[in-house]
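A quick write-up on the structure given underneath.
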Amino acid sequence: MSAVFEVANLKRSFGGLVVTNDVSLSMAPGDRIALIGPNGAGKTTFVNLVTGNLPPSSGEVRLGGETVTRIDAIGRVRRGLVRSFQVTRLFQDMTPAEHVGLAVLQRDGRAGRLFGSFLSMPEVMVEVSELLEKLGLAELAHRKVREIAYGQQRLLEIAVALALKPKVLLLDEPAAGVPQSDTGRIEQALADLPPDLAVLMIEHDMDLVFRFAKRVIVLAAGTIIFDGLPADVTKDARVREAYLGNYANASHVA
Amino acid sequence: MTLAVNTQTILSRPRGRSFRRDLMGVAVIAVFAAAGYILFPDNLALLTRILSVALLVLALDLVTGYCGVATLGHAALFGSGAYAAGILSAHYGINDPLLMTLGGIVAGAVAGLLCAVIMLRAHGLPQLVLSIALIYLFHELANKTSSWTGGSDGLSGIMPDPVFGLYEFDLFGHTAYFFGVALLLIAFVLLRLVVRSPFGMLCRGIKEDPLRIRALGASPNAALAKMYVISGAVAGTGGALSAISTQVVALDALSFTQSAEALVMLVLGGTGSLFGALAGTLIFMLFEDYVSAANPFHWLTMVGALLIAVVLFAPKGIYGTAAAYFTRPGKANR
Ligand SMILES: Nc1ncnc2c1ncn2[C@@H]1O[C@H](COP(=O)(O)OP(=O)(O)OP(=O)(O)O)[C@@H](O)[C@H]1O
Ligand SMILES: [Mg+2]
């Protein structure tokens, strides 16, 4: 199948520190990829670069065959590239229903409407309630975000991303901070994703990674050191070395 | 099955509350307006001036309170409306107060767009400085084009016709007052709709985290520019009301002082709430009128002290603090 999302020779450094070093990868519809790597490997930076939140030093990003390197973050979202945030970024005074409602309206180009309330738009509310229900947030639909637990905020972060109906979904540690009892919700939501959606998930929880991913990419010191089947990743010598910390020191040479 | 049930509970959320609050807001404004008319029949000019400034402060609340853009130049929108309404009458003989108001709305909206295009290029302190630069430029423009604006002498020769051809603008200011009350009520109801709409929700999001809004695929600047246009229309209405009711437009309609005072009123009442904007205007302007008459030397001292007290002890503003206090018990049994 042809790629929906391609990254070619992406580079970025902060000062002298090379954080993304010649990263290339491509994703096809239906891909389930886990991106793993030690702390500070450059995983979040990778997401920031490809989504247009951070300009790369060089390299290219393509979405559905179109080069979007010069298109801003908004344009990329509108083309179907959606991310979630490692640290939740939600609106404290808004409710989960409002978050998802806003995302649905924005996706349909109706977020600029000057009258009415999405609460009285049945087609929006059906989607809102289905998504919240799927992530176990239905009970909290009309509570303010500041009043709900962090783990549930993480789930809402995913609901918002899904509400945008992406073609490519980048999840930055969706399970971090979610209590064990709720990770099942996330897994279920991931399992229910449309089959042709391409998903890349950054995750430290290896159990989750192995259940979710058909392909694992390991990033260490800004370089892809492994790209292959989940079954092979723990056998790989370079991956082991990276996780033992040797790689982290090597990064400062450049 | 559970899905259907839960969908039902979400869908069936009572929505009457906001509508009731709208009605209450309209009723409160109407009661205050009637009380003002009955209690201060000799002071309708002041009350009408309060109404026009209230429109400016509401307009400011839209960009500052709801969207988080701090500006010290918002009188540019108000003044543009005032001059447009005034010039229509004084130079073009268009004396229909409704058309003059429409002229004020359009001019305010255009001025709003212009300010947005310039101000939204910066953030924070530089943005504030741009707003000050803009109000100086507007002021200077009005000063220099004196053949149109009357310059520092003010624009006179404004002679609005009777409203609907029936209600003449009388010497006592009855018509002007009711005209103003009507404009404020209409603006209030429309703005309630706007702040509750999807667009209002988008703006609240932008105020808190523009980057997150971008990650939803929405453009914060486009939304802010739109809000500026709406704000300009509201401020322009206030300007037009001021031109129609006083039948002059002076340069200070377009002044830094007027802009700063509007911000003070907004903070005093409470940002991010239409009631806050109205309360702040009313309190400030009544305070100004009575205290400056009673003690002309110290009235600014008292305003300063009041403002410090509010900012330090009631940072949500007088209305915002009162509202928070009264809604607290209701929260528990929700
Ligand atoms: N804006 C920035 N300026 C300077 N250095 C940065 C910036 N953003 C990230 N870095 C550095 O880049 C490196 C990679 O950071 P990044 O957040 O991408 O790592 P990560 O793989 O997501 O780590 P974690 O698993 O902890 O989330 C780190 O050394 C970090 O300190
Ligand atoms: Mg990270």
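Within each chain, counting starts at residue 1; across the structure tokens, chains are named A, B, ... in the order shown, with ligands numbered 1 upward in that order.
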
- Determine, counting only C-alpha atoms, which protein, DNA and RNA residues have an atom within 9 Å of an atom of range 126-139 of chain B; residues of the same chain fewer than 6 positions away are not included. Present the result as JSON, numbers by chain. {"B": [69, 70, 71, 72, 73, 74, 75, 76, 79, 80, 115, 118, 119, 120, 251, 252, 253, 254, 255, 256, 259]}

- 9 Å contact set for Ala30 in chain B, only C-alpha atoms, chain neighbours under 5 positions out, as a PyMOL selection string: chain B and resi 25+35+181+185

- Query: What are the residues of chain A that have an atom within 6 Å of an atom of chain B, counting only C-alpha atoms, as a ChimeraX atom specification?
  - Reply: /A:74,77-78,111-117,129

Would you mind exporting N, CA, C and O atoms of the selected residues as a tab-separated table (two decimals), in the first residue's frame?
chain	number	residue	atom	x	y	z
A	74	ILE	N	-1.52	24.03	11.48
A	74	ILE	CA	-2.97	24.01	11.26
A	74	ILE	C	-3.29	23.28	9.96
A	74	ILE	O	-4.17	22.42	9.90
A	77	VAL	N	-2.98	19.55	10.32
A	77	VAL	CA	-4.12	18.94	11.03
A	77	VAL	C	-5.28	18.80	10.05
A	77	VAL	O	-5.94	17.76	9.99
A	78	ARG	N	-5.50	19.84	9.26
A	78	ARG	CA	-6.63	19.80	8.32
A	78	ARG	C	-6.43	18.74	7.26
A	78	ARG	O	-7.39	18.28	6.66
A	111	ALA	N	-16.78	25.46	13.64
A	111	ALA	CA	-16.39	26.03	14.93
A	111	ALA	C	-16.50	27.55	14.94
A	111	ALA	O	-16.35	28.18	15.98
A	112	GLY	N	-16.75	28.15	13.77
A	112	GLY	CA	-16.87	29.60	13.72
A	112	GLY	C	-18.31	30.08	13.82
A	112	GLY	O	-18.57	31.27	13.73
A	113	ARG	N	-19.24	29.17	14.03
A	113	ARG	CA	-20.65	29.55	14.09
A	113	ARG	C	-20.93	30.47	15.25
A	113	ARG	O	-20.50	30.24	16.37
A	114	LEU	N	-21.71	31.52	14.98
A	114	LEU	CA	-21.91	32.57	15.97
A	114	LEU	C	-23.17	32.40	16.80
A	114	LEU	O	-23.48	33.23	17.63
A	115	PHE	N	-23.93	31.36	16.57
A	115	PHE	CA	-25.16	31.21	17.33
A	115	PHE	C	-25.39	29.72	17.59
A	115	PHE	O	-24.73	28.87	17.00
A	116	GLY	N	-26.32	29.45	18.45
A	116	GLY	CA	-26.62	28.06	18.77
A	116	GLY	C	-25.57	27.48	19.69
A	116	GLY	O	-24.55	28.11	19.98
A	117	SER	N	-25.85	26.30	20.20
A	117	SER	CA	-24.90	25.63	21.06
A	117	SER	C	-24.81	24.20	20.58
A	117	SER	O	-25.80	23.62	20.13
A	129	SER	N	-21.17	11.92	22.60
A	129	SER	CA	-21.48	10.95	23.65
A	129	SER	C	-20.89	9.58	23.32
A	129	SER	O	-20.45	8.86	24.22

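CA of Ile94 in chain B sits 8.9 Å away from CA of Asp161 in chain B.
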
- Task: Write out as number ranges by chain all residues of range 88-333 of chain B that DSSP puts in alpha helix (DSSP H) for this structure's backbone.
- Result: B: 88-92, 97-119, 124-144, 146-149, 174-196, 198-208, 210-215, 220-246, 256-269, 274-294, 299-313, 317-332

Using only C-alpha atoms and all ligand atoms, what are the residues with an atom within 6 Å of ligand 1, set out as a compact mmCIF listing (two decimals) with all heavy atoms, in the first residue's frame?
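Below you can see selection12.txt, which holds the result:
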# COMPACT_ATOMS: atom_id res chain seq x y z
N PHE A 14 19.34 21.36 18.80
CA PHE A 14 19.19 22.49 19.71
C PHE A 14 20.59 22.89 20.15
O PHE A 14 21.24 22.14 20.87
CB PHE A 14 18.37 22.11 20.94
CG PHE A 14 16.93 21.83 20.63
CD1 PHE A 14 16.43 20.56 20.75
CD2 PHE A 14 16.09 22.85 20.23
CE1 PHE A 14 15.08 20.31 20.48
CE2 PHE A 14 14.75 22.60 19.96
CZ PHE A 14 14.25 21.33 20.08
N VAL A 19 19.13 16.45 18.14
CA VAL A 19 18.02 15.76 18.79
C VAL A 19 17.27 14.86 17.81
O VAL A 19 16.69 13.85 18.18
CB VAL A 19 17.07 16.78 19.43
CG1 VAL A 19 15.91 16.08 20.11
CG2 VAL A 19 17.82 17.63 20.44
N PRO A 38 14.77 5.62 24.99
CA PRO A 38 15.02 6.11 26.34
C PRO A 38 14.57 7.56 26.49
O PRO A 38 14.34 8.25 25.50
CB PRO A 38 16.55 6.02 26.49
CG PRO A 38 17.06 5.34 25.28
CD PRO A 38 15.99 5.28 24.27
N ASN A 39 14.46 8.02 27.72
CA ASN A 39 14.11 9.43 27.97
C ASN A 39 15.10 10.34 27.26
O ASN A 39 16.30 10.10 27.30
CB ASN A 39 14.14 9.73 29.47
CG ASN A 39 13.00 9.06 30.20
OD1 ASN A 39 13.22 8.19 31.01
ND2 ASN A 39 11.79 9.43 29.87
N GLY A 40 14.56 11.36 26.63
CA GLY A 40 15.42 12.32 25.96
C GLY A 40 15.92 11.84 24.61
O GLY A 40 16.78 12.47 24.00
N ALA A 41 15.35 10.75 24.10
CA ALA A 41 15.81 10.21 22.81
C ALA A 41 15.40 11.10 21.65
O ALA A 41 15.95 11.02 20.56
CB ALA A 41 15.25 8.81 22.62
N GLY A 42 14.40 11.93 21.88
CA GLY A 42 13.94 12.81 20.80
C GLY A 42 12.59 12.41 20.24
O GLY A 42 12.21 12.84 19.14
N LYS A 43 11.82 11.64 20.98
CA LYS A 43 10.53 11.15 20.48
C LYS A 43 9.52 12.30 20.35
O LYS A 43 8.88 12.47 19.31
CB LYS A 43 9.99 10.07 21.42
CG LYS A 43 10.95 8.88 21.61
CD LYS A 43 10.38 7.81 22.51
CE LYS A 43 10.14 8.24 23.95
NZ LYS A 43 11.38 8.63 24.68
N THR A 44 9.40 13.05 21.43
CA THR A 44 8.45 14.17 21.38
C THR A 44 8.90 15.21 20.35
O THR A 44 8.08 15.78 19.62
CB THR A 44 8.31 14.81 22.77
OG1 THR A 44 7.81 13.82 23.67
CG2 THR A 44 7.38 15.99 22.75
N THR A 45 10.20 15.43 20.29
CA THR A 45 10.72 16.37 19.30
C THR A 45 10.35 15.91 17.89
O THR A 45 9.97 16.73 17.04
CB THR A 45 12.25 16.48 19.43
OG1 THR A 45 12.55 16.89 20.76
CG2 THR A 45 12.81 17.48 18.44

- Message: Just want the residues within 12 Å of ligand 2, written as a PyMOL selection string, counting only C-alpha atoms and all ligand atoms.
- Response: chain A and resi 19+35-48+84-87+170-174+176+201-204+219

- Which is closest to Leu171 in chain B among B:Ala45, B:Met100, B:Ile318, B:Ala225, if we use only C-alpha atoms?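 Ranking B:Ala45, B:Met100, B:Ile318, B:Ala225 by distance to Leu171 in chain B, first place goes to B:Ala45.
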
- Task: Excluding Pro179 in chain A and residues on its chain fewer than 6 positions from it, collect all residues at most 12 Å away from it, counting only C-alpha atoms, and give them as a PyMOL selection string.
- Result: chain A and resi 149-155+185-186

- Message: Taking only range 43-245 of chain A into account, list the residues labelled strand (DSSP E) by DSSP (computed from the backbone), as a ChimeraX atom specification.
- Response: /A:58-63,66-67,81-83,168-172,198-202,215-220,223-228

With N, CA and C atoms retained, could you export that selection as a CSV table (one decimal), in the first residue's frame?
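This went into result.csv:
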chain,number,residue,atom,x,y,z
A,58,SER,N,16.5,20.4,8.5
A,58,SER,CA,16.4,20.0,7.1
A,58,SER,C,15.5,18.7,7.1
A,59,GLY,N,15.2,18.3,5.9
A,59,GLY,CA,14.4,17.1,5.8
A,59,GLY,C,13.0,17.4,5.3
A,60,GLU,N,12.2,16.4,5.0
A,60,GLU,CA,10.9,16.6,4.4
A,60,GLU,C,9.9,15.8,5.1
A,61,VAL,N,8.6,16.3,5.1
A,61,VAL,CA,7.5,15.6,5.6
A,61,VAL,C,6.4,15.6,4.5
A,62,ARG,N,5.9,14.4,4.2
A,62,ARG,CA,4.8,14.2,3.2
A,62,ARG,C,3.6,13.6,3.8
A,63,LEU,N,2.5,14.1,3.4
A,63,LEU,CA,1.2,13.6,3.9
A,63,LEU,C,0.4,13.2,2.7
A,66,GLU,N,1.6,14.5,-0.6
A,66,GLU,CA,1.8,16.0,-0.7
A,66,GLU,C,2.9,16.4,0.3
A,67,THR,N,3.9,17.2,-0.2
A,67,THR,CA,4.9,17.7,0.7
A,67,THR,C,4.4,18.8,1.6
A,81,LEU,N,-3.4,15.0,9.9
A,81,LEU,CA,-2.3,14.6,10.8
A,81,LEU,C,-2.6,15.2,12.2
A,82,VAL,N,-2.9,14.3,13.1
A,82,VAL,CA,-3.4,14.7,14.4
A,82,VAL,C,-2.5,14.1,15.5
A,83,ARG,N,-2.2,14.9,16.5
A,83,ARG,CA,-1.3,14.4,17.6
A,83,ARG,C,-2.0,14.5,18.9
A,168,VAL,N,-3.7,10.1,10.0
A,168,VAL,CA,-2.5,9.7,10.7
A,168,VAL,C,-2.6,10.2,12.1
A,169,LEU,N,-2.5,9.3,13.1
A,169,LEU,CA,-2.6,9.7,14.5
A,169,LEU,C,-1.3,9.5,15.2
A,170,LEU,N,-0.8,10.5,15.9
A,170,LEU,CA,0.5,10.4,16.6
A,170,LEU,C,0.1,10.6,18.1
A,171,LEU,N,0.3,9.5,18.9
A,171,LEU,CA,0.0,9.6,20.3
A,171,LEU,C,1.2,9.6,21.1
A,172,ASP,N,1.4,10.7,21.9
A,172,ASP,CA,2.6,10.8,22.7
A,172,ASP,C,2.4,10.3,24.1
A,198,ALA,N,-3.7,5.3,10.2
A,198,ALA,CA,-2.3,5.0,10.5
A,198,ALA,C,-2.0,5.5,11.9
A,199,VAL,N,-1.5,4.7,12.8
A,199,VAL,CA,-1.2,5.2,14.2
A,199,VAL,C,0.2,5.0,14.6
A,200,LEU,N,0.8,6.0,15.1
A,200,LEU,CA,2.1,5.8,15.7
A,200,LEU,C,2.0,6.2,17.2
A,201,MET,N,2.4,5.3,18.0
A,201,MET,CA,2.2,5.6,19.5
A,201,MET,C,3.6,5.6,20.2
A,202,ILE,N,3.9,6.6,20.9
A,202,ILE,CA,5.1,6.6,21.7
A,202,ILE,C,4.6,6.1,23.0
A,215,ARG,N,4.7,-3.1,14.5
A,215,ARG,CA,6.0,-2.7,14.1
A,215,ARG,C,6.5,-1.8,15.2
A,216,VAL,N,7.8,-1.9,15.5
A,216,VAL,CA,8.4,-1.1,16.5
A,216,VAL,C,9.6,-0.3,16.0
A,217,ILE,N,9.6,0.9,16.3
A,217,ILE,CA,10.8,1.8,15.9
A,217,ILE,C,11.4,2.2,17.2
A,218,VAL,N,12.8,2.1,17.3
A,218,VAL,CA,13.5,2.5,18.4
A,218,VAL,C,14.3,3.7,18.1
A,219,LEU,N,14.1,4.8,18.9
A,219,LEU,CA,14.9,6.0,18.6
A,219,LEU,C,15.9,6.1,19.8
A,220,ALA,N,17.1,6.4,19.5
A,220,ALA,CA,18.1,6.6,20.6
A,220,ALA,C,19.0,7.8,20.1
A,223,THR,N,18.5,9.1,16.6
A,223,THR,CA,18.7,8.2,15.5
A,223,THR,C,17.8,7.0,15.6
A,224,ILE,N,17.3,6.5,14.5
A,224,ILE,CA,16.5,5.3,14.5
A,224,ILE,C,17.5,4.1,14.5
A,225,ILE,N,17.5,3.4,15.6
A,225,ILE,CA,18.4,2.3,15.6
A,225,ILE,C,17.8,0.9,15.4
A,226,PHE,N,16.5,0.9,15.3
A,226,PHE,CA,15.8,-0.3,15.1
A,226,PHE,C,14.4,0.0,14.4
A,227,ASP,N,14.0,-0.8,13.4
A,227,ASP,CA,12.7,-0.6,12.8
A,227,ASP,C,12.3,-2.0,12.3
A,228,GLY,N,11.5,-2.7,13.1
A,228,GLY,CA,11.1,-4.0,12.7
A,228,GLY,C,10.0,-4.6,13.5

Using only C-alpha atoms, which residues sit within 7 Å of Gly154 in chain B once same-chain residues fewer than 6 positions away are excluded, as a JSON list (two decimals) with C-alpha atoms, in the first residue's frame?
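Result saved to around-v1.json:
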[["chain", "number", "residue", "atom", "x", "y", "z"],
["B", 248, "VAL", "CA", -21.06, 66.35, 19.00],
["B", 249, "VAL", "CA", -17.98, 64.18, 18.69],
["B", 250, "ALA", "CA", -14.86, 65.30, 20.49],
["B", 251, "LEU", "CA", -11.35, 64.02, 19.95]]

- Message: Applying 10 Å and only C-alpha atoms, which residues near Ser89 in chain B remain after dropping the ones on its own chain fewer than 4 positions away? List them as a PyMOL selection string.
- Response: chain B and resi 83-85+93-97+99-100+156-161+243-244+247
